[in-house]
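This report refers to the structure that appears directly beneath it.
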Amino acid sequence: MAHAFFLGIDVAPAEGDGASDVTHALLEKAREHSDEPVTYRLNHIRHHTDVEAAEDLADHLQGLVADQPYIGRTSIIANRGSDFGEALVDALEGRGLDPVAATLTNGDEVAAGAPDEIGVRLGSGDVLRRVVDLYRDGQLHFESHATETASRLARDVQALSERLDEIDGDMEALGETDTEGVSVEPGDTHITSAALAVWLGAERSFDPSQRLKASPQTDAGP
């Protein structure tokens, strides 16, 4: 069986000079046989409230991916769209963890996966739809996780699936062929951290040393 791990990190913007809330989700991408579809399984998720020091969180994450079975098989992506997110990316880079720095956009001005000089810019609606599509197709699994954080993630994915059903139905009733995306809410770090991990998993093979594809994809392919 081929497998690899992807760690997604999302940061809720702090109010004023306050501390940040951060969620990190670690998913396993696996394929039993070459002719079978890829699946994603939640291995670990944790929500941190009022995090003041990016360096301390980077130490924690470094320790997490240094354990078996994650060591040498984990790729990291972090939302850098806040001061804390930028600091965390820098701290992870300082530890040699080579994170992908992502900027999430809520409009259509940037295509999902568009590279920039220091990372990638991702359309949030496309990233979230990918998670929902995998969930609907039975390729995203949350079983064996009884924590409130994991339960929150499962509820958020289910709620988003229902919301997208409504949006898509409305657009179909209007005779439109395209559906509108959804925006990332600042506090929805649970689903966004998992969505980032899934996006990176879809863009990389099972070889953890591989870089991003030259032309990142925007659909829900493997």
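To be explicit about the labels: the chains of the structure tokens are called A, B, and onward in the order shown, and within each one the residues are counted from 1, while ligands get numbers from 1 in the order they are shown.
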Next item on the list: Give me the residues within 8 Å of Ala2 of chain A as a list in words, counting only C-alpha atoms and dropping any in the same chain fewer than 5 places off.
Entry: Ala30, Arg31, Glu32, His33 and Phe206 of chain A
Notebook entry, point to check: Neighbours of Thr103 of chain A within 8 Å (only C-alpha atoms; same-chain residues fewer than 5 positions away dropped), as a list of chain:residue names?
Noted result: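 Here the answer would be A:Asn79, A:Arg80, A:Gly81, A:Gly119, A:Val120, A:Arg121, A:Leu122.
Candidate residues A:Gln68, A:Ser34, A:Thr23, A:Thr192 were compared for distance to Thr49 of chain A, and the nearest is A:Thr23, using only C-alpha atoms.
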Margin query: I need the residue nearest Glu203 of chain A from this list: A:Val127, A:Ala146, A:Leu92, A:Val132. Use only C-alpha atoms for the distance.
Written below: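 Closest to Glu203 of chain A of all the choices is A:Val127.
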Note to self: Residues near Glu185 of chain A, anyone? I mean within 10 Å using only C-alpha atoms, not counting same-chain ones fewer than 6 positions away, as a PyMOL selection string.
What the structure shows: chain A and resi 12+106+124+192
Margin query: I'd like to know which of A:Ala91, A:Ala102, A:Val198, A:Val131 is closest to Ala4 of chain A, using only C-alpha atoms.
Written below: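 Residue with the minimum atom-to-atom distance to Ala4 of chain A: A:Val198.
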Next item on the list: Would you list the contacts of Ile45 of chain A as a PyMOL selection string, taking every protein, DNA or RNA residue within 10 Å and counting only C-alpha atoms, but skipping same-chain residues closer than 5 positions in sequence?
Entry: chain A and resi 7-9+23-27+145+147-150+153+190+193-194
Using DSSP on the backbone, list every residue of segment 7-193 of chain A that comes out as alpha helix (DSSP H), and give them as a PDB file with N, CA, C and O atoms, in the first residue's frame.
ATOM      1  N   ALA A  54       4.703  31.834  17.791  1.00  0.00           N
ATOM      2  CA  ALA A  54       4.811  30.940  16.647  1.00  0.00           C
ATOM      3  C   ALA A  54       5.941  29.944  16.829  1.00  0.00           C
ATOM      4  O   ALA A  54       5.854  28.797  16.379  1.00  0.00           O
ATOM      5  N   GLU A  55       7.004  30.358  17.485  1.00  0.00           N
ATOM      6  CA  GLU A  55       8.151  29.471  17.697  1.00  0.00           C
ATOM      7  C   GLU A  55       7.756  28.259  18.535  1.00  0.00           C
ATOM      8  O   GLU A  55       8.186  27.131  18.265  1.00  0.00           O
ATOM      9  N   ASP A  56       6.923  28.479  19.567  1.00  0.00           N
ATOM     10  CA  ASP A  56       6.497  27.353  20.411  1.00  0.00           C
ATOM     11  C   ASP A  56       5.638  26.372  19.632  1.00  0.00           C
ATOM     12  O   ASP A  56       5.785  25.148  19.769  1.00  0.00           O
ATOM     13  N   LEU A  57       4.727  26.899  18.816  1.00  0.00           N
ATOM     14  CA  LEU A  57       3.883  26.009  18.021  1.00  0.00           C
ATOM     15  C   LEU A  57       4.721  25.258  16.986  1.00  0.00           C
ATOM     16  O   LEU A  57       4.494  24.069  16.744  1.00  0.00           O
ATOM     17  N   ALA A  58       5.695  25.927  16.398  1.00  0.00           N
ATOM     18  CA  ALA A  58       6.578  25.262  15.442  1.00  0.00           C
ATOM     19  C   ALA A  58       7.347  24.125  16.104  1.00  0.00           C
ATOM     20  O   ALA A  58       7.543  23.062  15.500  1.00  0.00           O
ATOM     21  N   ASP A  59       7.761  24.324  17.347  1.00  0.00           N
ATOM     22  CA  ASP A  59       8.428  23.247  18.085  1.00  0.00           C
ATOM     23  C   ASP A  59       7.502  22.047  18.249  1.00  0.00           C
ATOM     24  O   ASP A  59       7.913  20.887  18.083  1.00  0.00           O
ATOM     25  N   HIS A  60       6.246  22.324  18.597  1.00  0.00           N
ATOM     26  CA  HIS A  60       5.265  21.247  18.778  1.00  0.00           C
ATOM     27  C   HIS A  60       5.053  20.475  17.481  1.00  0.00           C
ATOM     28  O   HIS A  60       5.046  19.228  17.472  1.00  0.00           O
ATOM     29  N   LEU A  61       4.891  21.196  16.379  1.00  0.00           N
ATOM     30  CA  LEU A  61       4.654  20.546  15.096  1.00  0.00           C
ATOM     31  C   LEU A  61       5.880  19.763  14.624  1.00  0.00           C
ATOM     32  O   LEU A  61       5.754  18.684  14.037  1.00  0.00           O
ATOM     33  N   GLN A  62       7.057  20.300  14.907  1.00  0.00           N
ATOM     34  CA  GLN A  62       8.281  19.576  14.566  1.00  0.00           C
ATOM     35  C   GLN A  62       8.339  18.239  15.312  1.00  0.00           C
ATOM     36  O   GLN A  62       8.708  17.215  14.735  1.00  0.00           O
ATOM     37  N   GLY A  63       7.948  18.257  16.578  1.00  0.00           N
ATOM     38  CA  GLY A  63       7.931  17.018  17.342  1.00  0.00           C
ATOM     39  C   GLY A  63       6.894  16.040  16.824  1.00  0.00           C
ATOM     40  O   GLY A  63       7.127  14.818  16.798  1.00  0.00           O
ATOM     41  N   LEU A  64       5.749  16.563  16.384  1.00  0.00           N
ATOM     42  CA  LEU A  64       4.688  15.702  15.862  1.00  0.00           C
ATOM     43  C   LEU A  64       5.152  14.938  14.628  1.00  0.00           C
ATOM     44  O   LEU A  64       4.994  13.711  14.551  1.00  0.00           O
ATOM     45  N   VAL A  65       5.730  15.632  13.661  1.00  0.00           N
ATOM     46  CA  VAL A  65       6.106  14.967  12.408  1.00  0.00           C
ATOM     47  C   VAL A  65       7.415  14.198  12.532  1.00  0.00           C
ATOM     48  O   VAL A  65       7.804  13.498  11.590  1.00  0.00           O
ATOM     49  N   ASP A  83      -0.489  37.815  10.269  1.00  0.00           N
ATOM     50  CA  ASP A  83       0.861  38.023  10.810  1.00  0.00           C
ATOM     51  C   ASP A  83       1.368  36.769  11.507  1.00  0.00           C
ATOM     52  O   ASP A  83       2.536  36.388  11.354  1.00  0.00           O
ATOM     53  N   PHE A  84       0.490  36.110  12.270  1.00  0.00           N
ATOM     54  CA  PHE A  84       0.905  34.890  12.956  1.00  0.00           C
ATOM     55  C   PHE A  84       1.211  33.788  11.947  1.00  0.00           C
ATOM     56  O   PHE A  84       2.169  33.026  12.108  1.00  0.00           O
ATOM     57  N   GLY A  85       0.372  33.696  10.904  1.00  0.00           N
ATOM     58  CA  GLY A  85       0.622  32.689   9.870  1.00  0.00           C
ATOM     59  C   GLY A  85       1.965  32.881   9.207  1.00  0.00           C
ATOM     60  O   GLY A  85       2.701  31.919   8.959  1.00  0.00           O
ATOM     61  N   GLU A  86       2.313  34.135   8.911  1.00  0.00           N
ATOM     62  CA  GLU A  86       3.626  34.436   8.325  1.00  0.00           C
ATOM     63  C   GLU A  86       4.742  34.024   9.274  1.00  0.00           C
ATOM     64  O   GLU A  86       5.742  33.420   8.861  1.00  0.00           O
ATOM     65  N   ALA A  87       4.562  34.359  10.552  1.00  0.00           N
ATOM     66  CA  ALA A  87       5.593  34.024  11.543  1.00  0.00           C
ATOM     67  C   ALA A  87       5.739  32.511  11.691  1.00  0.00           C
ATOM     68  O   ALA A  87       6.849  31.994  11.863  1.00  0.00           O
ATOM     69  N   LEU A  88       4.613  31.793  11.615  1.00  0.00           N
ATOM     70  CA  LEU A  88       4.670  30.340  11.748  1.00  0.00           C
ATOM     71  C   LEU A  88       5.377  29.715  10.551  1.00  0.00           C
ATOM     72  O   LEU A  88       6.192  28.792  10.717  1.00  0.00           O
ATOM     73  N   VAL A  89       5.078  30.198   9.354  1.00  0.00           N
ATOM     74  CA  VAL A  89       5.774  29.701   8.165  1.00  0.00           C
ATOM     75  C   VAL A  89       7.280  29.913   8.313  1.00  0.00           C
ATOM     76  O   VAL A  89       8.087  29.018   8.035  1.00  0.00           O
ATOM     77  N   ASP A  90       7.670  31.106   8.760  1.00  0.00           N
ATOM     78  CA  ASP A  90       9.095  31.393   8.955  1.00  0.00           C
ATOM     79  C   ASP A  90       9.712  30.453   9.997  1.00  0.00           C
ATOM     80  O   ASP A  90      10.836  29.960   9.811  1.00  0.00           O
ATOM     81  N   ALA A  91       8.967  30.216  11.080  1.00  0.00           N
ATOM     82  CA  ALA A  91       9.492  29.348  12.142  1.00  0.00           C
ATOM     83  C   ALA A  91       9.646  27.913  11.656  1.00  0.00           C
ATOM     84  O   ALA A  91      10.626  27.229  11.988  1.00  0.00           O
ATOM     85  N   LEU A  92       8.688  27.436  10.868  1.00  0.00           N
ATOM     86  CA  LEU A  92       8.790  26.082  10.320  1.00  0.00           C
ATOM     87  C   LEU A  92       9.943  25.973   9.336  1.00  0.00           C
ATOM     88  O   LEU A  92      10.679  24.979   9.334  1.00  0.00           O
ATOM     89  N   GLU A  93      10.110  27.009   8.513  1.00  0.00           N
ATOM     90  CA  GLU A  93      11.236  27.012   7.584  1.00  0.00           C
ATOM     91  C   GLU A  93      12.559  27.009   8.333  1.00  0.00           C
ATOM     92  O   GLU A  93      13.522  26.342   7.926  1.00  0.00           O
ATOM     93  N   GLY A  94      12.609  27.733   9.444  1.00  0.00           N
ATOM     94  CA  GLY A  94      13.821  27.777  10.241  1.00  0.00           C
ATOM     95  C   GLY A  94      14.189  26.431  10.834  1.00  0.00           C
ATOM     96  O   GLY A  94      15.355  26.213  11.188  1.00  0.00           O
ATOM     97  N   SER A 124     -10.555  29.814  -2.134  1.00  0.00           N
ATOM     98  CA  SER A 124     -11.081  29.058  -0.997  1.00  0.00           C
ATOM     99  C   SER A 124     -12.255  28.171  -1.375  1.00  0.00           C
ATOM    100  O   SER A 124     -12.393  27.052  -0.868  1.00  0.00           O
ATOM    101  N   GLY A 125     -13.121  28.646  -2.291  1.00  0.00           N
ATOM    102  CA  GLY A 125     -14.254  27.830  -2.692  1.00  0.00           C
ATOM    103  C   GLY A 125     -13.826  26.528  -3.342  1.00  0.00           C
ATOM    104  O   GLY A 125     -14.372  25.461  -3.056  1.00  0.00           O
ATOM    105  N   ASP A 126     -12.810  26.583  -4.212  1.00  0.00           N
ATOM    106  CA  ASP A 126     -12.317  25.377  -4.872  1.00  0.00           C
ATOM    107  C   ASP A 126     -11.700  24.406  -3.872  1.00  0.00           C
ATOM    108  O   ASP A 126     -11.886  23.189  -3.961  1.00  0.00           O
ATOM    109  N   VAL A 127     -10.955  24.948  -2.916  1.00  0.00           N
ATOM    110  CA  VAL A 127     -10.304  24.096  -1.914  1.00  0.00           C
ATOM    111  C   VAL A 127     -11.349  23.391  -1.050  1.00  0.00           C
ATOM    112  O   VAL A 127     -11.236  22.190  -0.765  1.00  0.00           O
ATOM    113  N   LEU A 128     -12.393  24.117  -0.639  1.00  0.00           N
ATOM    114  CA  LEU A 128     -13.426  23.524   0.193  1.00  0.00           C
ATOM    115  C   LEU A 128     -14.281  22.524  -0.583  1.00  0.00           C
ATOM    116  O   LEU A 128     -14.689  21.496  -0.042  1.00  0.00           O
ATOM    117  N   ARG A 129     -14.551  22.818  -1.837  1.00  0.00           N
ATOM    118  CA  ARG A 129     -15.330  21.882  -2.654  1.00  0.00           C
ATOM    119  C   ARG A 129     -14.593  20.551  -2.820  1.00  0.00           C
ATOM    120  O   ARG A 129     -15.220  19.486  -2.889  1.00  0.00           O
ATOM    121  N   ARG A 130     -13.289  20.595  -2.897  1.00  0.00           N
ATOM    122  CA  ARG A 130     -12.525  19.353  -3.049  1.00  0.00           C
ATOM    123  C   ARG A 130     -12.760  18.448  -1.849  1.00  0.00           C
ATOM    124  O   ARG A 130     -12.951  17.237  -2.001  1.00  0.00           O
ATOM    125  N   VAL A 131     -12.759  19.019  -0.655  1.00  0.00           N
ATOM    126  CA  VAL A 131     -13.006  18.230   0.554  1.00  0.00           C
ATOM    127  C   VAL A 131     -14.397  17.617   0.509  1.00  0.00           C
ATOM    128  O   VAL A 131     -14.596  16.425   0.810  1.00  0.00           O
ATOM    129  N   VAL A 132     -15.392  18.411   0.144  1.00  0.00           N
ATOM    130  CA  VAL A 132     -16.766  17.922   0.095  1.00  0.00           C
ATOM    131  C   VAL A 132     -16.911  16.812  -0.946  1.00  0.00           C
ATOM    132  O   VAL A 132     -17.575  15.793  -0.698  1.00  0.00           O
ATOM    133  N   ASP A 133     -16.313  16.983  -2.109  1.00  0.00           N
ATOM    134  CA  ASP A 133     -16.412  15.963  -3.152  1.00  0.00           C
ATOM    135  C   ASP A 133     -15.815  14.636  -2.684  1.00  0.00           C
ATOM    136  O   ASP A 133     -16.393  13.562  -2.926  1.00  0.00           O
ATOM    137  N   LEU A 134     -14.675  14.693  -2.032  1.00  0.00           N
ATOM    138  CA  LEU A 134     -14.068  13.460  -1.515  1.00  0.00           C
ATOM    139  C   LEU A 134     -14.950  12.822  -0.443  1.00  0.00           C
ATOM    140  O   LEU A 134     -15.097  11.596  -0.388  1.00  0.00           O
ATOM    141  N   TYR A 135     -15.528  13.646   0.414  1.00  0.00           N
ATOM    142  CA  TYR A 135     -16.422  13.161   1.472  1.00  0.00           C
ATOM    143  C   TYR A 135     -17.646  12.473   0.861  1.00  0.00           C
ATOM    144  O   TYR A 135     -18.035  11.379   1.281  1.00  0.00           O
ATOM    145  N   ARG A 136     -18.236  13.091  -0.139  1.00  0.00           N
ATOM    146  CA  ARG A 136     -19.413  12.518  -0.797  1.00  0.00           C
ATOM    147  C   ARG A 136     -19.076  11.207  -1.490  1.00  0.00           C
ATOM    148  O   ARG A 136     -19.911  10.288  -1.547  1.00  0.00           O
ATOM    149  N   GLU A 148     -13.653  16.179  20.524  1.00  0.00           N
ATOM    150  CA  GLU A 148     -14.551  17.248  20.112  1.00  0.00           C
ATOM    151  C   GLU A 148     -14.019  17.942  18.860  1.00  0.00           C
ATOM    152  O   GLU A 148     -14.797  18.351  17.982  1.00  0.00           O
ATOM    153  N   THR A 149     -12.700  18.085  18.751  1.00  0.00           N
ATOM    154  CA  THR A 149     -12.123  18.746  17.578  1.00  0.00           C
ATOM    155  C   THR A 149     -12.412  17.955  16.311  1.00  0.00           C
ATOM    156  O   THR A 149     -12.782  18.526  15.278  1.00  0.00           O
ATOM    157  N   ALA A 150     -12.258  16.632  16.365  1.00  0.00           N
ATOM    158  CA  ALA A 150     -12.562  15.801  15.203  1.00  0.00           C
ATOM    159  C   ALA A 150     -14.050  15.818  14.894  1.00  0.00           C
ATOM    160  O   ALA A 150     -14.456  15.858  13.720  1.00  0.00           O
ATOM    161  N   SER A 151     -14.873  15.811  15.936  1.00  0.00           N
ATOM    162  CA  SER A 151     -16.314  15.874  15.727  1.00  0.00           C
ATOM    163  C   SER A 151     -16.708  17.193  15.092  1.00  0.00           C
ATOM    164  O   SER A 151     -17.589  17.242  14.227  1.00  0.00           O
ATOM    165  N   ARG A 152     -16.059  18.272  15.515  1.00  0.00           N
ATOM    166  CA  ARG A 152     -16.330  19.579  14.909  1.00  0.00           C
ATOM    167  C   ARG A 152     -15.985  19.561  13.419  1.00  0.00           C
ATOM    168  O   ARG A 152     -16.737  20.088  12.587  1.00  0.00           O
ATOM    169  N   LEU A 153     -14.869  18.950  13.069  1.00  0.00           N
ATOM    170  CA  LEU A 153     -14.480  18.852  11.665  1.00  0.00           C
ATOM    171  C   LEU A 153     -15.529  18.080  10.869  1.00  0.00           C
ATOM    172  O   LEU A 153     -15.948  18.516   9.789  1.00  0.00           O
ATOM    173  N   ALA A 154     -15.967  16.939  11.389  1.00  0.00           N
ATOM    174  CA  ALA A 154     -16.963  16.128  10.683  1.00  0.00           C
ATOM    175  C   ALA A 154     -18.267  16.906  10.507  1.00  0.00           C
ATOM    176  O   ALA A 154     -18.889  16.860   9.435  1.00  0.00           O
ATOM    177  N   ARG A 155     -18.679  17.641  11.546  1.00  0.00           N
ATOM    178  CA  ARG A 155     -19.912  18.438  11.443  1.00  0.00           C
ATOM    179  C   ARG A 155     -19.752  19.548  10.412  1.00  0.00           C
ATOM    180  O   ARG A 155     -20.680  19.831   9.638  1.00  0.00           O
ATOM    181  N   ASP A 156     -18.593  20.178  10.397  1.00  0.00           N
ATOM    182  CA  ASP A 156     -18.365  21.272   9.449  1.00  0.00           C
ATOM    183  C   ASP A 156     -18.398  20.773   8.009  1.00  0.00           C
ATOM    184  O   ASP A 156     -18.931  21.447   7.122  1.00  0.00           O
ATOM    185  N   VAL A 157     -17.804  19.606   7.762  1.00  0.00           N
ATOM    186  CA  VAL A 157     -17.808  19.059   6.404  1.00  0.00           C
ATOM    187  C   VAL A 157     -19.235  18.700   5.988  1.00  0.00           C
ATOM    188  O   VAL A 157     -19.656  18.986   4.858  1.00  0.00           O
ATOM    189  N   GLN A 158     -19.995  18.093   6.887  1.00  0.00           N
ATOM    190  CA  GLN A 158     -21.372  17.749   6.571  1.00  0.00           C
ATOM    191  C   GLN A 158     -22.214  18.997   6.316  1.00  0.00           C
ATOM    192  O   GLN A 158     -23.005  19.049   5.357  1.00  0.00           O
ATOM    193  N   ALA A 159     -22.029  20.021   7.135  1.00  0.00           N
ATOM    194  CA  ALA A 159     -22.783  21.265   6.960  1.00  0.00           C
ATOM    195  C   ALA A 159     -22.427  21.937   5.639  1.00  0.00           C
ATOM    196  O   ALA A 159     -23.299  22.466   4.938  1.00  0.00           O
ATOM    197  N   LEU A 160     -21.150  21.913   5.281  1.00  0.00           N
ATOM    198  CA  LEU A 160     -20.734  22.514   4.017  1.00  0.00           C
ATOM    199  C   LEU A 160     -21.301  21.722   2.839  1.00  0.00           C
ATOM    200  O   LEU A 160     -21.721  22.310   1.836  1.00  0.00           O
ATOM    201  N   SER A 161     -21.345  20.403   2.951  1.00  0.00           N
ATOM    202  CA  SER A 161     -21.922  19.588   1.895  1.00  0.00           C
ATOM    203  C   SER A 161     -23.382  19.970   1.663  1.00  0.00           C
ATOM    204  O   SER A 161     -23.829  20.117   0.514  1.00  0.00           O
ATOM    205  N   GLU A 162     -24.132  20.149   2.742  1.00  0.00           N
ATOM    206  CA  GLU A 162     -25.532  20.525   2.623  1.00  0.00           C
ATOM    207  C   GLU A 162     -25.677  21.935   2.040  1.00  0.00           C
ATOM    208  O   GLU A 162     -26.569  22.194   1.219  1.00  0.00           O
ATOM    209  N   ARG A 163     -24.792  22.837   2.429  1.00  0.00           N
ATOM    210  CA  ARG A 163     -24.840  24.199   1.901  1.00  0.00           C
ATOM    211  C   ARG A 163     -24.550  24.224   0.400  1.00  0.00           C
ATOM    212  O   ARG A 163     -25.201  24.932  -0.371  1.00  0.00           O
ATOM    213  N   LEU A 164     -23.575  23.436  -0.015  1.00  0.00           N
ATOM    214  CA  LEU A 164     -23.246  23.384  -1.435  1.00  0.00           C
ATOM    215  C   LEU A 164     -24.369  22.742  -2.244  1.00  0.00           C
ATOM    216  O   LEU A 164     -24.596  23.118  -3.397  1.00  0.00           O
ATOM    217  N   ASP A 165     -25.078  21.780  -1.643  1.00  0.00           N
ATOM    218  CA  ASP A 165     -26.236  21.207  -2.319  1.00  0.00           C
ATOM    219  C   ASP A 165     -27.256  22.296  -2.626  1.00  0.00           C
ATOM    220  O   ASP A 165     -27.844  22.338  -3.718  1.00  0.00           O
ATOM    221  N   GLU A 166     -27.480  23.188  -1.661  1.00  0.00           N
ATOM    222  CA  GLU A 166     -28.432  24.269  -1.858  1.00  0.00           C
ATOM    223  C   GLU A 166     -27.953  25.243  -2.934  1.00  0.00           C
ATOM    224  O   GLU A 166     -28.721  25.658  -3.816  1.00  0.00           O
ATOM    225  N   ILE A 167     -26.666  25.615  -2.864  1.00  0.00           N
ATOM    226  CA  ILE A 167     -26.110  26.555  -3.844  1.00  0.00           C
ATOM    227  C   ILE A 167     -26.190  25.968  -5.250  1.00  0.00           C
ATOM    228  O   ILE A 167     -26.646  26.615  -6.202  1.00  0.00           O
ATOM    229  N   ASP A 168     -25.781  24.708  -5.392  1.00  0.00           N
ATOM    230  CA  ASP A 168     -25.777  24.073  -6.705  1.00  0.00           C
ATOM    231  C   ASP A 168     -27.194  23.919  -7.240  1.00  0.00           C
ATOM    232  O   ASP A 168     -27.445  24.088  -8.436  1.00  0.00           O
ATOM    233  N   GLY A 169     -28.144  23.606  -6.349  1.00  0.00           N
ATOM    234  CA  GLY A 169     -29.530  23.476  -6.772  1.00  0.00           C
ATOM    235  C   GLY A 169     -30.105  24.791  -7.249  1.00  0.00           C
ATOM    236  O   GLY A 169     -30.821  24.848  -8.259  1.00  0.00           O
ATOM    237  N   ASP A 170     -29.765  25.865  -6.550  1.00  0.00           N
ATOM    238  CA  ASP A 170     -30.245  27.187  -6.960  1.00  0.00           C
ATOM    239  C   ASP A 170     -29.683  27.571  -8.324  1.00  0.00           C
ATOM    240  O   ASP A 170     -30.382  28.118  -9.172  1.00  0.00           O
ATOM    241  N   MET A 171     -28.402  27.299  -8.539  1.00  0.00           N
ATOM    242  CA  MET A 171     -27.781  27.651  -9.809  1.00  0.00           C
ATOM    243  C   MET A 171     -28.367  26.819 -10.946  1.00  0.00           C
ATOM    244  O   MET A 171     -28.607  27.314 -12.046  1.00  0.00           O
ATOM    245  N   GLU A 172     -28.642  25.542 -10.680  1.00  0.00           N
ATOM    246  CA  GLU A 172     -29.234  24.678 -11.706  1.00  0.00           C
ATOM    247  C   GLU A 172     -30.628  25.158 -12.078  1.00  0.00           C
ATOM    248  O   GLU A 172     -31.021  25.132 -13.249  1.00  0.00           O
ATOM    249  N   ALA A 173     -31.386  25.619 -11.057  1.00  0.00           N
ATOM    250  CA  ALA A 173     -32.734  26.119 -11.321  1.00  0.00           C
ATOM    251  C   ALA A 173     -32.716  27.350 -12.205  1.00  0.00           C
ATOM    252  O   ALA A 173     -33.665  27.617 -12.947  1.00  0.00           O
ATOM    253  N   THR A 189     -11.322  27.260  11.222  1.00  0.00           N
ATOM    254  CA  THR A 189      -9.979  26.701  11.049  1.00  0.00           C
ATOM    255  C   THR A 189      -9.979  25.178  10.997  1.00  0.00           C
ATOM    256  O   THR A 189      -9.044  24.584  10.458  1.00  0.00           O
ATOM    257  N   HIS A 190     -11.012  24.543  11.553  1.00  0.00           N
ATOM    258  CA  HIS A 190     -11.041  23.080  11.538  1.00  0.00           C
ATOM    259  C   HIS A 190     -11.118  22.555  10.109  1.00  0.00           C
ATOM    260  O   HIS A 190     -10.267  21.777   9.660  1.00  0.00           O
ATOM    261  N   ILE A 191     -12.141  22.996   9.379  1.00  0.00           N
ATOM    262  CA  ILE A 191     -12.328  22.492   8.021  1.00  0.00           C
ATOM    263  C   ILE A 191     -11.259  23.034   7.075  1.00  0.00           C
ATOM    264  O   ILE A 191     -10.817  22.339   6.162  1.00  0.00           O
ATOM    265  N   THR A 192     -10.794  24.260   7.310  1.00  0.00           N
ATOM    266  CA  THR A 192      -9.792  24.822   6.407  1.00  0.00           C
ATOM    267  C   THR A 192      -8.448  24.122   6.561  1.00  0.00           C
ATOM    268  O   THR A 192      -7.730  23.902   5.573  1.00  0.00           O
ATOM    269  N   SER A 193      -8.080  23.759   7.773  1.00  0.00           N
ATOM    270  CA  SER A 193      -6.808  23.047   7.956  1.00  0.00           C
ATOM    271  C   SER A 193      -6.845  21.699   7.239  1.00  0.00           C
ATOM    272  O   SER A 193      -5.879  21.305   6.581  1.00  0.00           O
TER     273      SER A 193
END
Margin query: Would you compute the distance between atom CA of Thr39 of chain A and atom CA of Leu140 of chain A? Give it in Å to one decimal.
Written below: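 Distance between the two atoms: 6.0 Å.
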Margin query: Ranking A:Ala53, A:Val11, A:Leu42, A:Ala195 by minimum distance to Ser82 of chain A and counting only C-alpha atoms, which one comes first?
Written below: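 Selected residue with least distance to Ser82 of chain A: A:Val11.
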Next item on the list: Provide the atom CA of Asp188 of chain A to atom CA of His44 of chain A distance in Å, to one decimal place.
Entry: 17.2 Å
